[in-house]
Amino acid sequence: MISMTTARKGWVLIPALCILATGIAGVCSEPRQGIPSLISSEPVPVGTVDGWGPFSAGLSQEPVGSAFVLGSEWADLFVIGRGWYANQKGKYNRLFLYPWTCCTANGAPVFGQPISIEGSYTGSGTVFQTEDKAIHGVWIDGSTLVHRVFDAEKRIFTELEKVKISGLPRNPGEVAVLMNPDGSVEVFLGIGDGIPFGPADYGGRDPKYNPFDGAGLWRGGYPYQALYAVTLPGLLKGPASEPRLVSKTTKEVRHSYCTLTIVNLGSERFRDLIGGSRFGGLYYYHNSAEKGVDLDRKRFIVRADGNAHRHPIINPSPVAYPNPGTGFSDLIAGGEGALYYYRFAGLFTEQGNPIYEDPRPVFQEKATLYGGSLPVANVVDWNGDGAMDIVSGNSEGRILFFRNAGSNANPAFLPGEPITAGGQVIHIQPGYRMDIQGPGEARWGYTCPTVADWNEDGLLDILMSDSTARHTVFLNRGTRTEPKLDFGHPIYYDGLDLYGTWRVKPAVAKLGDRMAYVALDEHDEFHLYWRVDDYNVEDGGKLCLDDGSTIRANFLAAGGTGRLKLNLFDWDRDGRTDLIVGTPRHGSVPNPKTGLPQSLGLPGSAVLFLKNVGSDSEPMFKFPVLFEFRGSPIFLGQHACGPAVADFGGPNGPDLIVGEETGGFMYYKREDIRP
């Protein structure tokens, strides 16, 4: 039951605009005019009048704090982008400052272009502003706290001091800083219980790795984290007090917190704490101590109906975001996907749970089109208006429709809207048992859709694989201009669900007089199946090179298998259907020794061309070659890239659009790429 006692007198609960995942239907739906939408080798821009869209700072994005840096009415935002870029030669952790510019009609903040902050930010950290307007950053380096102060003119955090913490049970993972009235400081730390996640014989790339036992139960452990705190005599002055457990239990959140943040939720609740957990929980701790720490038990952050919020994506990392109109702490939370804004309603339940409105996407000006992390693209006329749209899957497990509100000559793609099937948003979540790497990946769906007219009725259907390695078809029961997908249905092969390795975009096209379905089989090799009916396929045999050898996908086993994004298309226009393949960095097509791209030294994910030198009825392929842009191979990160043929009617043939791991769609004009 919701208490009508408000955190601030006169506060009115405003109904939230419910936004699902990365989709932002109904916002900024006018196309941009007179702006060249597509520039070869650059990301596809958002094609709206204002250019607003969800943004990404990396493969995953972790807001670490907000502060009034540039004199705006609302606070600016510090965000760490985490991931891997080919040109960075490894992992990166880059800190950005996003200046606030305005708010949308439904109250979500809009930020400008990022300002890169120099320095190394590999560990967990927090950024906060003190009453003297100074902006501080505290980072964890092992068991040491590193204190930095932000220089707004130079756009850099300068290190001031370090404080070593002794007596910790293990190194902390997350940090939050609370100032006491007397100038002393409480430092909250998220610390794990030391239980390993994987089984004792865990080897995520070992061919013999088996995550579940004979009863179908996870063979590994279930790590938890708890909250500890130390007291410092000043900011940030040692020595630190002896660490003490401040949460009620040693098993507060399963797996880990993602961030911790101090919040102000009104009178006697301005020293409270909120944390996000790996699987999507957002948790609240009331601190009743005027000085020091005295935490109540953990409570969920809840919706207006009293049910707990579950963040739309994995690894939510909430930070307090001050609302100038209410004086309270709203939240901005990241993860492996878009940033979301939660507005505090000013209300609590009778049980003491704070009520936050439903999450809304945070926007960026001059945004590039954002498909969620690891987008898997298709370029098709989804709504039958003659203009080529984008339909794409992503790591969070959804499929998004990016409507082209312009034309093929001048595309203007709107931000993505979630696609539904059977009246429900498609959202693949493997849960406890259905991910081959175990329940730690319960929130990664890795949808890999292919759009094709599977049953040749003139309507576009969706066929896909995902993190569960299942193959599913969503038949279109609507019309050409108003597609309406039926519930997903398994694809069967000889009576069993079609099986093979995971996270594969199947290639679907008509070869000769039959519909073909190409995926990776149980040997992680390219395999051809022929359509029998809407839900059944029959064996067409393994696909082979012109020397008779089979075509393998990777040199790694277990979780390193699968992951390829396959397309059937006559790229060289010789009348025979070729293969265009997106690989991960460790992809090794067609064999573990000389396969691409890994034999080149793991340079990054790549797009490969396999020329069909046989026929459509009996295809065989030449050794793959890399797609190049103006003479240089296209490498786009660590995780698999998602290429799609983009036929905008150009006189020289179709172009290429490639989803890259941080969520963008790279455009390559045909004249600029080879083969």
# chains A, B, ... in the order shown; residues from 1 in each chain; ligands from 1
$ closest_atom_pairs --of "segment 297-349 of chain A" --to "segment 167-188 of chain A" --cutoff "12 Å" --atoms "only C-alpha atoms" --output "tab-separated table"
residue	atom	partner	partner_atom	distance
A:Ser317	CA	A:Glu174	CA	10.3
A:Pro318	CA	A:Ala176	CA	11.6
A:Val319	CA	A:Ala176	CA	10.0
A:Ala320	CA	A:Ala176	CA	11.0
$ write_last_selection --atoms "all heavy atoms" --output "PDB file, in the first residue's frame"
ATOM      1  N   SER A 317      23.595   0.954 -13.068  1.00  0.00           N
ATOM      2  CA  SER A 317      24.553   1.725 -12.266  1.00  0.00           C
ATOM      3  C   SER A 317      23.941   3.088 -11.955  1.00  0.00           C
ATOM      4  O   SER A 317      24.234   4.075 -12.635  1.00  0.00           O
ATOM      5  CB  SER A 317      25.877   1.879 -13.032  1.00  0.00           C
ATOM      6  OG  SER A 317      25.623   2.320 -14.353  1.00  0.00           O
ATOM      7  N   PRO A 318      23.057   3.166 -10.946  1.00  0.00           N
ATOM      8  CA  PRO A 318      22.374   4.428 -10.669  1.00  0.00           C
ATOM      9  C   PRO A 318      23.279   5.436  -9.976  1.00  0.00           C
ATOM     10  O   PRO A 318      24.128   5.092  -9.149  1.00  0.00           O
ATOM     11  CB  PRO A 318      21.233   3.999  -9.749  1.00  0.00           C
ATOM     12  CG  PRO A 318      21.768   2.795  -9.034  1.00  0.00           C
ATOM     13  CD  PRO A 318      22.633   2.088 -10.045  1.00  0.00           C
ATOM     14  N   VAL A 319      23.087   6.719 -10.325  1.00  0.00           N
ATOM     15  CA  VAL A 319      23.695   7.815  -9.589  1.00  0.00           C
ATOM     16  C   VAL A 319      22.610   8.838  -9.282  1.00  0.00           C
ATOM     17  O   VAL A 319      21.644   8.990 -10.043  1.00  0.00           O
ATOM     18  CB  VAL A 319      24.852   8.494 -10.358  1.00  0.00           C
ATOM     19  CG1 VAL A 319      25.990   7.532 -10.581  1.00  0.00           C
ATOM     20  CG2 VAL A 319      24.379   9.090 -11.660  1.00  0.00           C
ATOM     21  N   ALA A 320      22.779   9.526  -8.159  1.00  0.00           N
ATOM     22  CA  ALA A 320      21.832  10.578  -7.784  1.00  0.00           C
ATOM     23  C   ALA A 320      21.925  11.720  -8.784  1.00  0.00           C
ATOM     24  O   ALA A 320      23.014  12.153  -9.160  1.00  0.00           O
ATOM     25  CB  ALA A 320      22.136  11.071  -6.382  1.00  0.00           C
TER      26      ALA A 320
END
$ closest_atom_pairs --of "segment 607-630 of chain A" --to "segment 641-664 of chain A" --cutoff "12 Å" --atoms "only C-alpha atoms" --output "CSV"
residue,atom,partner,partner_atom,distance
A:Val607,CA,A:Pro643,CA,6.9
A:Leu608,CA,A:Pro643,CA,9.5
A:Phe609,CA,A:Pro643,CA,11.0
A:Phe627,CA,A:Leu656,CA,10.1
A:Glu628,CA,A:Leu656,CA,11.4
A:Phe629,CA,A:Leu656,CA,10.8
$ residues_around --residues "segment 285-295 of chain A" --least-positions-apart "4" --cutoff "7 Å" --atoms "only C-alpha atoms" --output "ChimeraX atom specification"
/A:180-181,186,246-247,269,271-274,299
$ write_last_selection --atoms "N, CA and C atoms" --output "mmCIF file, in the first residue's frame"
data_model
loop_
_atom_site.group_PDB
_atom_site.id
_atom_site.type_symbol
_atom_site.label_atom_id
_atom_site.label_comp_id
_atom_site.auth_asym_id
_atom_site.auth_seq_id
_atom_site.Cartn_x
_atom_site.Cartn_y
_atom_site.Cartn_z
ATOM 1 N N ASN A 180 29.992 13.984 6.864
ATOM 2 C CA ASN A 180 29.378 14.202 8.166
ATOM 3 C C ASN A 180 29.369 15.689 8.520
ATOM 4 N N PRO A 181 28.480 16.103 9.413
ATOM 5 C CA PRO A 181 28.404 17.529 9.772
ATOM 6 C C PRO A 181 29.704 18.096 10.340
ATOM 7 N N GLU A 186 32.244 9.355 5.789
ATOM 8 C CA GLU A 186 31.934 7.931 5.744
ATOM 9 C C GLU A 186 32.105 7.440 4.312
ATOM 10 N N VAL A 246 28.008 -2.683 7.627
ATOM 11 C CA VAL A 246 26.915 -1.756 7.948
ATOM 12 C C VAL A 246 25.578 -2.206 7.379
ATOM 13 N N SER A 247 25.565 -3.180 6.470
ATOM 14 C CA SER A 247 24.296 -3.762 6.031
ATOM 15 C C SER A 247 23.853 -4.801 7.052
ATOM 16 N N ARG A 269 15.862 12.134 5.408
ATOM 17 C CA ARG A 269 16.237 11.100 4.441
ATOM 18 C C ARG A 269 17.242 11.658 3.433
ATOM 19 N N ARG A 271 20.568 11.524 3.878
ATOM 20 C CA ARG A 271 21.852 10.830 4.024
ATOM 21 C C ARG A 271 21.706 9.343 3.662
ATOM 22 N N ASP A 272 20.779 9.056 2.762
ATOM 23 C CA ASP A 272 20.444 7.677 2.437
ATOM 24 C C ASP A 272 21.298 7.170 1.271
ATOM 25 N N LEU A 273 21.139 5.892 0.985
ATOM 26 C CA LEU A 273 22.001 5.224 0.008
ATOM 27 C C LEU A 273 21.152 4.387 -0.942
ATOM 28 N N ILE A 274 21.518 4.408 -2.210
ATOM 29 C CA ILE A 274 20.880 3.553 -3.210
ATOM 30 C C ILE A 274 21.976 2.824 -3.988
ATOM 31 N N ARG A 299 15.649 -2.238 1.053
ATOM 32 C CA ARG A 299 14.304 -2.174 0.479
ATOM 33 C C ARG A 299 14.408 -1.951 -1.024
#
$ residues_around --residues "segment 61-63 of chain A" --least-positions-apart "2" --cutoff "8 Å" --atoms "only C-alpha atoms" --output "VMD selection string"
chain A and resid 56 to 59 65 77 to 82 317 to 319 332 to 339
$ write_last_selection --atoms "N, CA and C atoms" --output "tab-separated table (two decimals), in the first residue's frame"
chain	number	residue	atom	x	y	z
A	56	SER	N	25.33	6.50	-26.29
A	56	SER	CA	26.20	5.50	-25.70
A	56	SER	C	27.59	6.06	-25.53
A	57	ALA	N	28.18	5.85	-24.36
A	57	ALA	CA	29.56	6.23	-24.11
A	57	ALA	C	30.51	5.06	-24.31
A	58	GLY	N	29.96	3.86	-24.54
A	58	GLY	CA	30.79	2.68	-24.71
A	58	GLY	C	29.92	1.45	-24.85
A	59	LEU	N	30.56	0.28	-24.83
A	59	LEU	CA	29.82	-0.97	-24.84
A	59	LEU	C	28.87	-1.01	-23.65
A	65	GLY	N	28.53	10.14	-11.44
A	65	GLY	CA	28.17	11.28	-10.62
A	65	GLY	C	27.70	12.45	-11.46
A	77	LEU	N	26.64	15.66	-16.25
A	77	LEU	CA	26.76	14.25	-15.91
A	77	LEU	C	28.13	13.70	-16.28
A	78	PHE	N	28.75	12.98	-15.34
A	78	PHE	CA	30.00	12.26	-15.59
A	78	PHE	C	29.68	10.79	-15.85
A	79	VAL	N	30.17	10.27	-16.97
A	79	VAL	CA	29.87	8.90	-17.38
A	79	VAL	C	31.17	8.22	-17.83
A	80	ILE	N	31.38	6.99	-17.36
A	80	ILE	CA	32.49	6.17	-17.85
A	80	ILE	C	31.96	5.24	-18.94
A	81	GLY	N	32.61	5.26	-20.10
A	81	GLY	CA	32.32	4.29	-21.15
A	81	GLY	C	33.31	3.15	-21.06
A	82	ARG	N	32.80	1.95	-20.98
A	82	ARG	CA	33.66	0.78	-20.86
A	82	ARG	C	33.47	-0.11	-22.08
A	317	SER	N	23.60	0.95	-13.07
A	317	SER	CA	24.55	1.73	-12.27
A	317	SER	C	23.94	3.09	-11.95
A	318	PRO	N	23.06	3.17	-10.95
A	318	PRO	CA	22.37	4.43	-10.67
A	318	PRO	C	23.28	5.44	-9.98
A	319	VAL	N	23.09	6.72	-10.32
A	319	VAL	CA	23.70	7.82	-9.59
A	319	VAL	C	22.61	8.84	-9.28
A	332	ILE	N	19.82	8.62	-12.48
A	332	ILE	CA	20.17	8.24	-13.84
A	332	ILE	C	20.97	6.95	-13.74
A	333	ALA	N	20.53	5.93	-14.47
A	333	ALA	CA	21.15	4.61	-14.37
A	333	ALA	C	21.59	4.13	-15.74
A	334	GLY	N	22.76	3.50	-15.78
A	334	GLY	CA	23.28	2.94	-17.02
A	334	GLY	C	23.30	1.43	-16.97
A	335	GLY	N	24.27	0.85	-17.65
A	335	GLY	CA	24.40	-0.59	-17.77
A	335	GLY	C	24.88	-0.91	-19.17
A	336	GLU	N	24.65	-2.13	-19.63
A	336	GLU	CA	25.02	-2.46	-21.00
A	336	GLU	C	23.83	-2.13	-21.91
A	337	GLY	N	23.70	-0.85	-22.16
A	337	GLY	CA	22.60	-0.34	-22.95
A	337	GLY	C	22.45	1.15	-22.70
A	338	ALA	N	21.26	1.68	-22.97
A	338	ALA	CA	21.02	3.11	-22.87
A	338	ALA	C	21.01	3.59	-21.43
A	339	LEU	N	21.16	4.92	-21.25
A	339	LEU	CA	20.95	5.54	-19.95
A	339	LEU	C	19.46	5.79	-19.73
$ closest_atom_pairs --of "segment 395-447 of chain A" --to "segment 549-572 of chain A" --cutoff "12 Å" --atoms "only C-alpha atoms" --output "tab-separated table"
residue	atom	partner	partner_atom	distance
A:Ser395	CA	A:Arg563	CA	11.7
A:Asp435	CA	A:Gly559	CA	9.5
A:Ile436	CA	A:Gly559	CA	6.8
A:Gln437	CA	A:Gly559	CA	6.4
A:Gly438	CA	A:Gly559	CA	10.1
A:Glu441	CA	A:Gly559	CA	11.5
A:Tyr446	CA	A:Arg563	CA	9.3
A:Thr447	CA	A:Arg563	CA	10.7
$ residues_around --residues "Phe526 of chain A" --least-positions-apart "2" --cutoff "7 Å" --atoms "only C-alpha atoms" --output "number ranges by chain"
A: 518-521, 524, 528, 542-543, 551-552
$ closest_residue --among "A:Thr250, A:Ser605, A:Asn378, A:Asn612" --to "Val508 of chain A" --atoms "only C-alpha atoms"
A:Asn378
$ select_by_dssp --residues "segment 441-559 of chain A" --states "strand (DSSP E)" --output "mmCIF file with N, CA, C and O atoms, in the first residue's frame"
data_model
loop_
_atom_site.group_PDB
_atom_site.id
_atom_site.type_symbol
_atom_site.label_atom_id
_atom_site.label_comp_id
_atom_site.auth_asym_id
_atom_site.auth_seq_id
_atom_site.Cartn_x
_atom_site.Cartn_y
_atom_site.Cartn_z
ATOM 1 N N CYS A 448 19.480 -12.001 -32.419
ATOM 2 C CA CYS A 448 20.146 -11.943 -33.728
ATOM 3 C C CYS A 448 19.103 -12.191 -34.821
ATOM 4 O O CYS A 448 19.035 -13.291 -35.391
ATOM 5 N N PRO A 449 18.282 -11.191 -35.137
ATOM 6 C CA PRO A 449 17.181 -11.407 -36.072
ATOM 7 C C PRO A 449 17.612 -11.305 -37.533
ATOM 8 O O PRO A 449 18.530 -10.567 -37.893
ATOM 9 N N THR A 450 16.916 -12.047 -38.351
ATOM 10 C CA THR A 450 16.983 -11.899 -39.804
ATOM 11 C C THR A 450 15.570 -11.630 -40.315
ATOM 12 O O THR A 450 14.627 -12.336 -39.925
ATOM 13 N N VAL A 451 15.425 -10.632 -41.159
ATOM 14 C CA VAL A 451 14.126 -10.283 -41.716
ATOM 15 C C VAL A 451 14.048 -10.841 -43.129
ATOM 16 O O VAL A 451 14.902 -10.536 -43.978
ATOM 17 N N ALA A 452 13.036 -11.672 -43.397
ATOM 18 C CA ALA A 452 12.867 -12.287 -44.717
ATOM 19 C C ALA A 452 11.425 -12.742 -44.854
ATOM 20 O O ALA A 452 10.721 -12.958 -43.856
ATOM 21 N N ASP A 461 8.792 -11.543 -42.424
ATOM 22 C CA ASP A 461 8.791 -12.248 -41.145
ATOM 23 C C ASP A 461 10.140 -12.021 -40.461
ATOM 24 O O ASP A 461 11.069 -11.457 -41.041
ATOM 25 N N ILE A 462 10.250 -12.483 -39.216
ATOM 26 C CA ILE A 462 11.523 -12.420 -38.494
ATOM 27 C C ILE A 462 11.899 -13.830 -38.049
ATOM 28 O O ILE A 462 11.080 -14.546 -37.456
ATOM 29 N N LEU A 463 13.130 -14.203 -38.362
ATOM 30 C CA LEU A 463 13.693 -15.469 -37.907
ATOM 31 C C LEU A 463 14.952 -15.140 -37.129
ATOM 32 O O LEU A 463 15.709 -14.247 -37.514
ATOM 33 N N MET A 464 15.196 -15.847 -36.024
ATOM 34 C CA MET A 464 16.356 -15.437 -35.234
ATOM 35 C C MET A 464 16.861 -16.554 -34.337
ATOM 36 O O MET A 464 16.176 -17.525 -34.037
ATOM 37 N N SER A 465 18.104 -16.351 -33.906
ATOM 38 C CA SER A 465 18.674 -17.086 -32.793
ATOM 39 C C SER A 465 19.038 -16.064 -31.720
ATOM 40 O O SER A 465 18.895 -14.857 -31.921
ATOM 41 N N THR A 472 13.967 -19.388 -33.770
ATOM 42 C CA THR A 472 12.564 -19.007 -33.635
ATOM 43 C C THR A 472 12.119 -18.258 -34.874
ATOM 44 O O THR A 472 12.885 -17.473 -35.444
ATOM 45 N N VAL A 473 10.866 -18.482 -35.271
ATOM 46 C CA VAL A 473 10.282 -17.721 -36.374
ATOM 47 C C VAL A 473 9.072 -16.952 -35.850
ATOM 48 O O VAL A 473 8.248 -17.488 -35.108
ATOM 49 N N PHE A 474 8.992 -15.677 -36.225
ATOM 50 C CA PHE A 474 7.843 -14.829 -35.930
ATOM 51 C C PHE A 474 7.173 -14.518 -37.269
ATOM 52 O O PHE A 474 7.679 -13.710 -38.054
ATOM 53 N N HIS A 489 7.666 -19.000 -32.702
ATOM 54 C CA HIS A 489 7.446 -20.446 -32.787
ATOM 55 C C HIS A 489 8.784 -21.117 -33.061
ATOM 56 O O HIS A 489 9.554 -20.657 -33.899
ATOM 57 N N PRO A 490 9.108 -22.214 -32.389
ATOM 58 C CA PRO A 490 10.373 -22.909 -32.659
ATOM 59 C C PRO A 490 10.453 -23.401 -34.094
ATOM 60 O O PRO A 490 9.437 -23.735 -34.719
ATOM 61 N N TYR A 492 11.847 -26.510 -36.235
ATOM 62 C CA TYR A 492 12.160 -27.909 -35.952
ATOM 63 C C TYR A 492 12.982 -28.529 -37.085
ATOM 64 O O TYR A 492 12.797 -28.207 -38.257
ATOM 65 N N TYR A 493 13.864 -29.423 -36.679
ATOM 66 C CA TYR A 493 14.703 -30.173 -37.618
ATOM 67 C C TYR A 493 14.682 -31.640 -37.204
ATOM 68 O O TYR A 493 15.148 -31.982 -36.105
ATOM 69 N N LEU A 496 13.291 -32.407 -33.654
ATOM 70 C CA LEU A 496 13.848 -31.645 -32.538
ATOM 71 C C LEU A 496 13.873 -30.162 -32.890
ATOM 72 O O LEU A 496 13.865 -29.787 -34.067
ATOM 73 N N ASP A 497 13.922 -29.330 -31.839
ATOM 74 C CA ASP A 497 14.212 -27.932 -32.096
ATOM 75 C C ASP A 497 15.545 -27.850 -32.835
ATOM 76 O O ASP A 497 16.495 -28.566 -32.505
ATOM 77 N N ALA A 507 21.248 -16.832 -41.898
ATOM 78 C CA ALA A 507 21.103 -16.271 -43.237
ATOM 79 C C ALA A 507 19.900 -16.939 -43.889
ATOM 80 O O ALA A 507 19.812 -18.174 -43.929
ATOM 81 N N VAL A 508 18.968 -16.137 -44.389
ATOM 82 C CA VAL A 508 17.728 -16.658 -44.956
ATOM 83 C C VAL A 508 17.507 -16.013 -46.319
ATOM 84 O O VAL A 508 17.504 -14.776 -46.438
ATOM 85 N N ALA A 509 17.335 -16.824 -47.348
ATOM 86 C CA ALA A 509 17.090 -16.307 -48.698
ATOM 87 C C ALA A 509 16.623 -17.457 -49.575
ATOM 88 O O ALA A 509 16.769 -18.638 -49.222
ATOM 89 N N LYS A 510 16.070 -17.109 -50.734
ATOM 90 C CA LYS A 510 15.669 -18.135 -51.684
ATOM 91 C C LYS A 510 16.862 -18.496 -52.555
ATOM 92 O O LYS A 510 17.464 -17.640 -53.206
ATOM 93 N N LEU A 511 17.226 -19.780 -52.528
ATOM 94 C CA LEU A 511 18.296 -20.304 -53.373
ATOM 95 C C LEU A 511 17.658 -21.230 -54.396
ATOM 96 O O LEU A 511 17.129 -22.296 -54.034
ATOM 97 N N ARG A 514 13.918 -22.824 -53.670
ATOM 98 C CA ARG A 514 13.612 -23.168 -52.274
ATOM 99 C C ARG A 514 14.156 -22.114 -51.330
ATOM 100 O O ARG A 514 15.176 -21.464 -51.606
ATOM 101 N N MET A 515 13.459 -21.953 -50.194
ATOM 102 C CA MET A 515 13.943 -21.055 -49.152
ATOM 103 C C MET A 515 15.020 -21.768 -48.342
ATOM 104 O O MET A 515 14.824 -22.894 -47.859
ATOM 105 N N ALA A 516 16.158 -21.101 -48.196
ATOM 106 C CA ALA A 516 17.305 -21.664 -47.474
ATOM 107 C C ALA A 516 17.460 -20.983 -46.125
ATOM 108 O O ALA A 516 17.141 -19.797 -45.965
ATOM 109 N N TYR A 517 17.972 -21.750 -45.183
ATOM 110 C CA TYR A 517 18.243 -21.261 -43.829
ATOM 111 C C TYR A 517 19.645 -21.742 -43.459
ATOM 112 O O TYR A 517 19.893 -22.949 -43.373
ATOM 113 N N VAL A 518 20.577 -20.803 -43.285
ATOM 114 C CA VAL A 518 21.965 -21.156 -42.971
ATOM 115 C C VAL A 518 22.277 -20.711 -41.550
ATOM 116 O O VAL A 518 22.032 -19.553 -41.177
ATOM 117 N N ALA A 519 22.814 -21.630 -40.760
ATOM 118 C CA ALA A 519 23.200 -21.337 -39.379
ATOM 119 C C ALA A 519 24.471 -22.118 -39.062
ATOM 120 O O ALA A 519 25.052 -22.771 -39.936
ATOM 121 N N LEU A 520 24.910 -22.041 -37.811
ATOM 122 C CA LEU A 520 26.056 -22.834 -37.357
ATOM 123 C C LEU A 520 25.534 -24.060 -36.619
ATOM 124 O O LEU A 520 24.673 -23.947 -35.741
ATOM 125 N N PHE A 526 29.281 -23.970 -40.723
ATOM 126 C CA PHE A 526 28.195 -23.465 -41.555
ATOM 127 C C PHE A 526 27.364 -24.646 -42.078
ATOM 128 O O PHE A 526 27.914 -25.593 -42.650
ATOM 129 N N HIS A 527 26.041 -24.542 -41.907
ATOM 130 C CA HIS A 527 25.168 -25.651 -42.281
ATOM 131 C C HIS A 527 23.943 -25.102 -42.999
ATOM 132 O O HIS A 527 23.349 -24.114 -42.576
ATOM 133 N N LEU A 528 23.571 -25.749 -44.075
ATOM 134 C CA LEU A 528 22.423 -25.354 -44.882
ATOM 135 C C LEU A 528 21.224 -26.233 -44.544
ATOM 136 O O LEU A 528 21.328 -27.464 -44.459
ATOM 137 N N TYR A 529 20.090 -25.573 -44.341
ATOM 138 C CA TYR A 529 18.819 -26.267 -44.152
ATOM 139 C C TYR A 529 17.827 -25.712 -45.182
ATOM 140 O O TYR A 529 17.897 -24.537 -45.565
ATOM 141 N N TRP A 530 16.897 -26.557 -45.605
ATOM 142 C CA TRP A 530 15.868 -26.143 -46.556
ATOM 143 C C TRP A 530 14.514 -26.077 -45.847
ATOM 144 O O TRP A 530 14.174 -26.951 -45.030
ATOM 145 N N ARG A 531 13.757 -25.050 -46.168
ATOM 146 C CA ARG A 531 12.417 -24.909 -45.590
ATOM 147 C C ARG A 531 11.507 -26.029 -46.081
ATOM 148 O O ARG A 531 11.445 -26.326 -47.277
ATOM 149 N N VAL A 532 10.796 -26.657 -45.130
ATOM 150 C CA VAL A 532 9.770 -27.640 -45.447
ATOM 151 C C VAL A 532 8.394 -26.993 -45.348
ATOM 152 O O VAL A 532 7.549 -27.126 -46.231
ATOM 153 N N ASP A 533 8.168 -26.302 -44.228
ATOM 154 C CA ASP A 533 6.943 -25.539 -44.029
ATOM 155 C C ASP A 533 7.269 -24.392 -43.081
ATOM 156 O O ASP A 533 8.448 -24.101 -42.844
ATOM 157 N N ASN A 536 9.293 -26.049 -40.000
ATOM 158 C CA ASN A 536 10.176 -27.199 -40.140
ATOM 159 C C ASN A 536 11.183 -26.979 -41.258
ATOM 160 O O ASN A 536 10.879 -26.371 -42.289
ATOM 161 N N VAL A 537 12.400 -27.489 -41.027
ATOM 162 C CA VAL A 537 13.443 -27.483 -42.048
ATOM 163 C C VAL A 537 13.995 -28.899 -42.191
ATOM 164 O O VAL A 537 13.830 -29.746 -41.298
ATOM 165 N N GLU A 538 14.644 -29.147 -43.339
ATOM 166 C CA GLU A 538 15.325 -30.422 -43.537
ATOM 167 C C GLU A 538 16.776 -30.166 -43.909
ATOM 168 O O GLU A 538 17.153 -29.056 -44.302
ATOM 169 N N ASP A 539 17.559 -31.201 -43.785
ATOM 170 C CA ASP A 539 19.009 -31.064 -43.934
ATOM 171 C C ASP A 539 19.402 -30.765 -45.376
ATOM 172 O O ASP A 539 18.957 -31.430 -46.315
ATOM 173 N N GLY A 540 20.276 -29.754 -45.536
ATOM 174 C CA GLY A 540 20.874 -29.467 -46.822
ATOM 175 C C GLY A 540 22.365 -29.721 -46.826
ATOM 176 O O GLY A 540 23.034 -29.472 -47.839
ATOM 177 N N GLY A 541 22.895 -30.182 -45.693
ATOM 178 C CA GLY A 541 24.316 -30.501 -45.603
ATOM 179 C C GLY A 541 25.166 -29.321 -45.177
ATOM 180 O O GLY A 541 24.740 -28.167 -45.169
ATOM 181 N N LYS A 542 26.395 -29.620 -44.810
ATOM 182 C CA LYS A 542 27.335 -28.575 -44.445
ATOM 183 C C LYS A 542 27.752 -27.789 -45.689
ATOM 184 O O LYS A 542 27.917 -28.364 -46.768
#
$ select_by_dssp --residues "segment 541-648 of chain A" --states "helix (DSSP H, G or I)" --output "number ranges by chain"
A: 558-560, 598-600
$ write_last_selection --atoms "all heavy atoms" --output "CSV table (one decimal), in the first residue's frame"
chain,number,residue,atom,x,y,z
A,558,ALA,N,33.2,-23.9,-26.4
A,558,ALA,CA,32.2,-23.5,-25.4
A,558,ALA,C,31.6,-22.2,-25.7
A,558,ALA,O,31.1,-21.9,-26.8
A,558,ALA,CB,32.9,-23.6,-24.0
A,559,GLY,N,31.8,-21.2,-24.7
A,559,GLY,CA,31.2,-19.9,-24.9
A,559,GLY,C,31.8,-19.1,-26.0
A,559,GLY,O,31.2,-18.1,-26.4
A,560,GLY,N,32.9,-19.5,-26.6
A,560,GLY,CA,33.6,-18.8,-27.7
A,560,GLY,C,33.0,-19.2,-29.0
A,560,GLY,O,33.5,-18.6,-30.0
A,598,GLN,N,41.2,-13.9,-36.9
A,598,GLN,CA,42.1,-14.1,-35.8
A,598,GLN,C,43.5,-14.4,-36.2
A,598,GLN,O,44.5,-14.1,-35.5
A,598,GLN,CB,41.6,-15.2,-34.9
A,598,GLN,CG,41.6,-16.6,-35.5
A,598,GLN,CD,42.9,-17.3,-35.3
A,598,GLN,OE1,43.8,-17.0,-34.5
A,598,GLN,NE2,43.2,-18.4,-36.1
A,599,SER,N,43.7,-15.0,-37.4
A,599,SER,CA,45.0,-15.3,-37.9
A,599,SER,C,45.9,-14.1,-38.2
A,599,SER,O,47.1,-14.1,-38.3
A,599,SER,CB,45.0,-16.2,-39.1
A,599,SER,OG,44.4,-15.5,-40.2
A,600,LEU,N,45.2,-12.9,-38.2
A,600,LEU,CA,45.9,-11.6,-38.4
A,600,LEU,C,46.4,-11.0,-37.1
A,600,LEU,O,46.9,-9.9,-37.1
A,600,LEU,CB,45.0,-10.7,-39.1
A,600,LEU,CG,44.5,-11.1,-40.5
A,600,LEU,CD1,43.6,-10.1,-41.1
A,600,LEU,CD2,45.7,-11.4,-41.5
$ atom_distance --atom1 "atom CA of Asp50 of chain A" --atom2 "atom CA of Pro109 of chain A"
14.1 Å
$ residues_around --residues "Tyr224 of chain A" --least-positions-apart "4" --cutoff "10 Å" --atoms "only C-alpha atoms" --output "number ranges by chain"
A: 190-197, 250-257
$ residues_around --residues "Ser66 of chain A" --least-positions-apart "6" --cutoff "7 Å" --atoms "only C-alpha atoms" --output "VMD selection string"
chain A and resid 75 to 78 127 to 128 321
$ atom_distance --atom1 "atom CA of Thr479 of chain A" --atom2 "atom CA of Gly416 of chain A"
20.6 Å
$ closest_residue --among "A:Leu459, A:Val613, A:Gly548, A:Pro597" --to "Pro633 of chain A" --atoms "only C-alpha atoms"
A:Pro597
